[in-house]
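S.K.: What follows is query.txt, compact mmCIF, C-alpha atoms and all ligand atoms.
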# COMPACT_ATOMS: atom_id res chain seq x y z
CA LEU A 33 22.66 -48.41 121.60
CA PHE A 34 24.31 -49.09 124.97
CA ALA A 35 21.05 -49.44 126.90
CA GLY A 36 20.87 -53.23 126.65
CA ALA A 37 23.14 -56.00 127.81
CA ALA A 38 26.92 -55.92 127.65
CA ASP A 39 28.55 -59.30 128.02
CA PHE A 40 32.10 -60.54 128.26
CA LEU A 41 32.47 -62.85 125.27
CA ARG A 42 35.99 -64.18 125.66
CA PRO A 43 39.63 -63.34 126.12
CA ALA A 44 42.27 -64.05 123.50
CA SER A 45 45.97 -64.30 124.14
CA THR A 46 46.88 -66.00 120.87
CA LEU A 47 45.72 -65.52 117.27
CA ALA A 48 44.03 -68.93 117.42
CA GLU A 49 41.83 -67.74 120.28
CA LEU A 50 40.38 -64.75 118.40
CA PRO A 51 36.64 -65.03 117.82
CA PRO A 52 35.44 -65.45 114.23
CA MET A 53 35.29 -62.22 112.24
CA ASP A 54 31.58 -61.62 112.27
CA GLY A 55 29.86 -58.41 113.19
CA VAL A 56 31.42 -55.00 113.62
CA GLU A 57 34.32 -54.69 116.01
CA ILE A 58 35.59 -51.52 117.67
CA ALA A 59 38.87 -51.65 119.58
CA PHE A 60 40.42 -49.53 122.31
CA ALA A 61 44.19 -49.10 122.20
CA GLY A 62 46.58 -46.88 124.10
CA ARG A 63 49.49 -46.77 126.50
CA SER A 64 49.31 -48.85 129.66
CA ASN A 65 47.16 -47.18 132.32
CA VAL A 66 45.67 -44.58 129.93
CA GLY A 67 42.14 -45.69 130.88
CA LYS A 68 41.03 -48.15 128.17
CA SER A 69 39.22 -50.57 130.46
CA SER A 70 37.65 -47.72 132.43
CA LEU A 71 36.32 -46.24 129.19
CA VAL A 72 34.74 -49.55 128.18
CA ASN A 73 33.01 -49.54 131.56
CA ALA A 74 31.89 -45.92 131.24
CA LEU A 75 30.48 -46.57 127.75
CA THR A 76 28.52 -49.59 128.86
CA GLY A 77 27.54 -48.14 132.22
CA ARG A 78 28.93 -51.27 133.84
CA ASN A 79 31.61 -50.46 136.40
CA THR A 80 33.06 -53.93 136.71
CA LEU A 81 32.69 -55.26 133.17
CA ALA A 82 36.35 -54.70 132.26
CA ARG A 83 38.96 -54.99 135.01
CA THR A 84 40.85 -51.81 135.83
CA SER A 85 43.84 -51.11 138.05
CA HIS A 86 46.15 -48.37 139.24
CA THR A 87 49.06 -50.53 138.10
CA PRO A 88 49.93 -50.39 134.38
CA GLY A 89 49.66 -53.80 132.73
CA ARG A 90 46.27 -54.84 134.13
CA THR A 91 44.76 -55.97 130.82
CA GLN A 92 46.95 -58.75 129.43
CA GLN A 93 44.75 -60.23 126.71
CA LEU A 94 42.38 -59.00 124.05
CA ASN A 95 39.01 -58.94 125.81
CA PHE A 96 35.91 -59.12 123.62
CA PHE A 97 32.61 -57.70 124.84
CA SER A 98 29.31 -58.11 123.03
CA ILE A 99 27.10 -55.03 123.17
CA GLY A 100 23.56 -56.32 122.98
CA GLY A 101 24.66 -58.78 120.30
CA ARG A 102 24.89 -55.86 117.87
CA PHE A 103 28.59 -55.18 117.84
CA THR A 104 31.75 -55.99 119.76
CA LEU A 105 34.06 -53.82 121.84
CA VAL A 106 37.65 -54.97 122.24
CA ASP A 107 39.65 -53.92 125.29
CA MET A 108 43.33 -54.30 124.47
CA PRO A 109 46.43 -54.60 126.61
CA GLY A 110 48.37 -51.35 126.82
CA TYR A 111 51.59 -50.59 125.04
CA GLY A 112 54.63 -48.95 126.56
CA TYR A 113 55.55 -49.51 130.17
CA ALA A 114 53.74 -52.29 132.01
CA ALA A 115 54.57 -53.74 135.41
CA VAL A 116 54.82 -57.30 134.07
CA GLU A 117 57.52 -59.53 132.54
CA LYS A 118 59.04 -58.47 129.24
CA ALA A 119 58.23 -61.79 127.58
CA LYS A 120 54.54 -61.33 128.33
CA VAL A 121 54.53 -57.81 126.93
CA ALA A 122 56.36 -59.02 123.82
CA ALA A 123 53.76 -61.76 123.29
CA TRP A 124 50.76 -59.46 123.58
CA THR A 125 52.42 -56.75 121.48
CA ASP A 126 52.86 -59.32 118.75
CA LEU A 127 49.22 -60.40 119.08
CA ILE A 128 48.01 -56.78 118.93
CA HIS A 129 50.01 -56.10 115.77
CA ASN A 130 48.62 -59.18 114.07
CA TYR A 131 45.10 -58.44 115.21
CA LEU A 132 45.15 -54.82 114.05
CA LYS A 133 46.60 -55.65 110.66
CA GLY A 134 44.41 -58.61 109.86
CA ARG A 135 40.95 -57.87 111.18
CA ALA A 136 38.53 -57.31 108.31
CA ASN A 137 35.57 -56.51 110.60
CA LEU A 138 37.48 -53.95 112.65
CA ALA A 139 35.56 -50.73 111.92
CA ARG A 140 37.63 -48.37 114.03
CA VAL A 141 40.34 -48.25 116.64
CA PHE A 142 39.94 -45.64 119.32
CA VAL A 143 43.46 -44.62 120.25
CA LEU A 144 43.39 -43.32 123.79
CA ILE A 145 45.78 -40.58 124.84
CA ASP A 146 46.11 -39.25 128.38
CA SER A 147 44.88 -35.67 128.09
CA ARG A 148 47.50 -34.49 130.59
CA HIS A 149 50.42 -35.95 128.65
CA GLY A 150 49.50 -35.66 124.98
CA LEU A 151 51.07 -37.73 122.19
CA LYS A 152 54.27 -39.57 123.14
CA ALA A 153 56.74 -41.10 120.68
CA ILE A 154 55.24 -44.55 121.25
CA ASP A 155 51.76 -43.23 120.38
CA THR A 156 53.12 -41.75 117.17
CA ASP A 157 54.60 -45.15 116.31
CA VAL A 158 51.18 -46.74 116.77
CA LEU A 159 49.48 -44.10 114.59
CA ASP A 160 52.17 -44.68 111.93
CA GLY A 161 51.36 -48.39 112.00
CA LEU A 162 47.62 -47.82 111.69
CA ASP A 163 48.11 -45.38 108.82
CA LYS A 164 50.37 -47.87 107.07
CA ALA A 165 47.86 -50.70 107.51
CA ALA A 166 44.98 -48.36 106.55
CA VAL A 167 43.08 -49.10 109.76
CA SER A 168 40.63 -46.30 110.57
CA TYR A 169 41.27 -44.74 113.96
CA GLN A 170 40.10 -41.86 116.14
CA VAL A 171 41.98 -40.19 118.98
CA VAL A 172 40.19 -40.05 122.33
CA LEU A 173 41.69 -38.02 125.14
CA THR A 174 41.19 -39.61 128.56
CA LYS A 175 41.14 -38.37 132.16
CA GLY A 176 39.71 -35.01 131.12
CA ASP A 177 38.69 -34.46 134.74
CA ALA A 178 42.39 -34.24 135.65
CA LEU A 179 43.28 -31.69 132.97
CA LYS A 180 43.29 -28.01 133.91
CA LYS A 181 40.45 -26.16 132.20
CA GLY A 182 42.86 -23.67 130.65
CA GLU A 183 44.81 -26.47 128.98
CA VAL A 184 41.92 -28.17 127.19
CA GLU A 185 41.89 -26.04 124.03
CA ALA A 186 45.63 -26.20 123.46
CA ARG A 187 45.72 -29.96 124.03
CA ILE A 188 42.92 -30.64 121.55
CA ARG A 189 44.38 -28.27 118.95
CA GLY A 190 47.82 -29.85 119.32
CA ILE A 191 46.44 -33.32 118.65
CA GLN A 192 44.30 -32.11 115.76
CA ALA A 193 47.38 -30.58 114.15
CA ALA A 194 49.36 -33.78 114.69
CA ILE A 195 46.76 -35.97 112.97
CA ALA A 196 45.62 -33.55 110.25
CA LYS A 197 47.73 -35.15 107.54
CA ARG A 198 47.41 -38.73 108.72
CA PRO A 199 45.45 -40.71 106.12
CA ALA A 200 43.61 -43.14 108.44
CA ALA A 201 42.81 -40.64 111.20
CA TYR A 202 39.27 -39.48 111.82
CA PRO A 203 39.60 -35.70 112.30
CA GLU A 204 37.39 -35.31 115.37
CA VAL A 205 39.27 -35.58 118.71
CA LEU A 206 37.12 -36.40 121.73
CA LEU A 207 37.84 -35.32 125.29
CA THR A 208 36.50 -37.84 127.80
CA SER A 209 36.52 -38.71 131.45
CA SER A 210 35.39 -42.06 132.77
CA ARG A 211 35.28 -40.53 136.20
CA ASP A 212 32.70 -37.82 135.51
CA ASP A 213 31.30 -39.09 132.19
CA GLN A 214 32.54 -36.09 130.24
CA GLY A 215 32.44 -36.84 126.50
CA ILE A 216 30.92 -40.30 126.94
CA ALA A 217 27.69 -39.35 125.15
CA GLU A 218 29.77 -37.96 122.27
CA LEU A 219 31.78 -41.15 122.07
CA ARG A 220 28.57 -43.20 121.98
CA THR A 221 27.32 -40.97 119.16
CA SER A 222 30.55 -41.49 117.27
CA ILE A 223 30.11 -45.27 117.59
CA ALA A 224 26.44 -45.05 116.55
CA ARG A 225 27.45 -43.12 113.42
CA LEU A 226 30.07 -45.71 112.63
CA LEU A 227 27.54 -48.53 112.91
CA ALA A 228 25.16 -46.69 110.62
CA GLU A 229 27.77 -46.42 107.84
P1 LIG A 301 46.07 -51.34 131.20
O1 LIG A 301 45.04 -52.40 131.05
O2 LIG A 301 47.00 -51.63 132.34
O3 LIG A 301 46.79 -51.02 129.95
O4 LIG A 301 45.35 -49.97 131.67
P2 LIG A 301 44.02 -49.28 131.08
O5 LIG A 301 44.38 -48.40 129.95
O6 LIG A 301 42.97 -50.29 130.85
O7 LIG A 301 43.61 -48.32 132.30
P3 LIG A 301 42.52 -48.55 133.44
O8 LIG A 301 41.18 -48.36 132.88
O9 LIG A 301 42.81 -49.81 134.17
O10 LIG A 301 42.81 -47.29 134.38
C1 LIG A 301 44.11 -47.01 134.87
C2 LIG A 301 44.03 -46.03 136.01
O11 LIG A 301 43.55 -44.77 135.53
C3 LIG A 301 43.08 -46.44 137.13
O12 LIG A 301 43.67 -46.08 138.35
C4 LIG A 301 41.84 -45.63 136.85
O13 LIG A 301 41.09 -45.35 138.02
C5 LIG A 301 42.42 -44.35 136.27
N1 LIG A 301 41.46 -43.69 135.37
C6 LIG A 301 40.80 -44.25 134.33
N2 LIG A 301 39.97 -43.37 133.74
C7 LIG A 301 40.11 -42.22 134.43
C8 LIG A 301 39.51 -40.91 134.30
O14 LIG A 301 38.67 -40.63 133.44
N3 LIG A 301 39.93 -39.96 135.18
C9 LIG A 301 40.86 -40.21 136.15
N4 LIG A 301 41.21 -39.20 136.93
N5 LIG A 301 41.43 -41.41 136.29
C10 LIG A 301 41.06 -42.41 135.46
MG MG A 302 43.02 -52.30 130.80
I'd like the structure from this file rewritten - as structure tokens, please.
M.R.:
Amino acid sequence: LFAGAADFLRPASTLAELPPMDGVEIAFAGRSNVGKSSLVNALTGRNTLARTSHTPGRTQQLNFFSIGGRFTLVDMPGYGYAAVEKAKVAAWTDLIHNYLKGRANLARVFVLIDSRHGLKAIDTDVLDGLDKAAVSYQVVLTKGDALKKGEVEARIRGIQAAIAKRPAAYPEVLLTSSRDDQGIAELRTSIARLLAE
């Protein structure tokens, strides 16, 4: 599925700039710096496809990537703290809300959570919004390489318990690392299953 080309289609910083709603879209959301852009790169095996940075607030637009012309991945700006002006954050937050609520071809949102930190209040707010808008989502834990082995089970169980009664949540929680490719094959499988539906 990810063996072929992966191409940057276009950025969008306003609703008017969104590409037409054709083909399946899969979006990556999560707090600033959680590793969204890195995960897009790990999935596609292309290290410089999406731009990453140590500084939160790197991705400032919705970035659309075509995966072999078969479906589209969407790398989103992060929510929460970002080292950029408030007005900018407000504008992209507004765009994200509108995008998530009104995208008929959006098959799933992967909500990325830093495996070391777990769910924060702001993540819970996002999950509430997705549940309310009936947008299907799946939690993906990131930076699994940085989590102590002994903490993995408890972290996954904690998240599973937190999403168990959420109507739009997919029950499986994936543990990934873009650094050592942990869980990347599983995430690809999850996407393949989604496309086959
Ligand atoms: P914004 O676009 O600013 O919201 O950030 P983002 O969620 O796209 O995060 P990005 O992919 O830019 O990564 C942020 C930082 O986390 C960078 O310093 C990455 O090197 C680091 N990072 C990303 N994935 C991993 C991972 O799997 N393990 C570790 N240890 N660090 C990671
Ligand atoms: Mg990013």
S.K.: So, counting only C-alpha atoms, which residue among A:Ser222, A:Ser64, A:Ser98, A:Gln92 is closest to Ala119 in chain A?
M.R.: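 Once distances to Ala119 in chain A are computed over only C-alpha atoms, the minimum belongs to A:Gln92.
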S.K.: Taking a cut-off of 6 Å and counting all atoms listed in the file, can you build a table that, for each residue of chain A near ligand LIG 301 (chain A), reports the nearest atom pair and how far apart they are in Å (one decimal), sorted by chain then residue number, as a tab-separated table?
M.R.:
residue	atom	partner	partner_atom	distance
A:Ser64	CA	A:LIG301	O3	3.3
A:Asn65	CA	A:LIG301	O4	3.4
A:Val66	CA	A:LIG301	O5	4.0
A:Gly67	CA	A:LIG301	O7	3.3
A:Lys68	CA	A:LIG301	O5	3.8
A:Ser69	CA	A:LIG301	O6	3.8
A:Ser70	CA	A:LIG301	O8	3.6
A:Thr84	CA	A:LIG301	O9	3.3
A:Ser85	CA	A:LIG301	O9	4.2
A:His86	CA	A:LIG301	O12	3.5
A:Pro88	CA	A:LIG301	O2	3.8
A:Gly89	CA	A:LIG301	O2	3.5
A:Arg90	CA	A:LIG301	O2	3.7
A:Thr91	CA	A:LIG301	O1	3.6
A:Pro109	CA	A:LIG301	O3	4.9
A:Gly110	CA	A:LIG301	O3	3.5
A:Thr174	CA	A:LIG301	O14	5.6
A:Lys175	CA	A:LIG301	O14	3.6
A:Asp177	CA	A:LIG301	N3	5.7
A:Ala178	CA	A:LIG301	N4	5.3
A:Ser209	CA	A:LIG301	O14	3.5
A:Ser210	CA	A:LIG301	O14	3.6
A:Arg211	CA	A:LIG301	O14	4.4
S.K.: Taking 3 positions as the minimum chain separation for residues in the same chain, which residues sit within 9 Å of range 45-60 of chain A when counting all atoms listed in the file? Answer as an NGL selection string.
M.R.: :A and (41-42 or 68-69 or 71-72 or 92-96 or 101-109 or 123-124 or 127 or 130-132 or 135-144 or 223 or 227)
S.K.: May I ask for the distance between CA of Phe40 in chain A and CA of Glu204 in chain A, given in Å to one decimal place?
M.R.: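 Straight-line distance from CA of Phe40 in chain A to CA of Glu204 in chain A works out to 28.8 Å.
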S.K.: Can you tell me, as a list in words, what residues are no more than 10 Å from Phe34 in chain A when counting all atoms listed in the file, ignoring any on the same chain fewer than 3 positions away?
M.R.: Ala37, Ala38, Leu75, Thr76, Gly77, Ile99, Gly100, Arg102, Arg220 and Ala224 of chain A
S.K.: Nearest to Ala166 in chain A among A:Lys133, A:Arg189, A:His149, A:Lys180, with distances taken over only C-alpha atoms: which residue is it?
M.R.: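 Among the listed residues, the smallest separation from Ala166 in chain A belongs to A:Lys133.
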S.K.: In terms of the shortest atom-to-atom distance over all atoms listed in the file, which of A:Gly36, A:Pro43, A:Gly62, A:Gly176 is closest to ligand MG 302 (chain A)?
M.R.: A:Gly62
S.K.: Set the distance at 12 Å and use all atoms listed in the file: which residues neighbour Ala186 in chain A once local chain neighbours fewer than 5 positions away are removed? I'd like the list as a list in words.
M.R.: Ser147, Arg148, Gly150, Leu179, Lys180, Lys181, Ile191, Gln192 and Ala193 of chain A
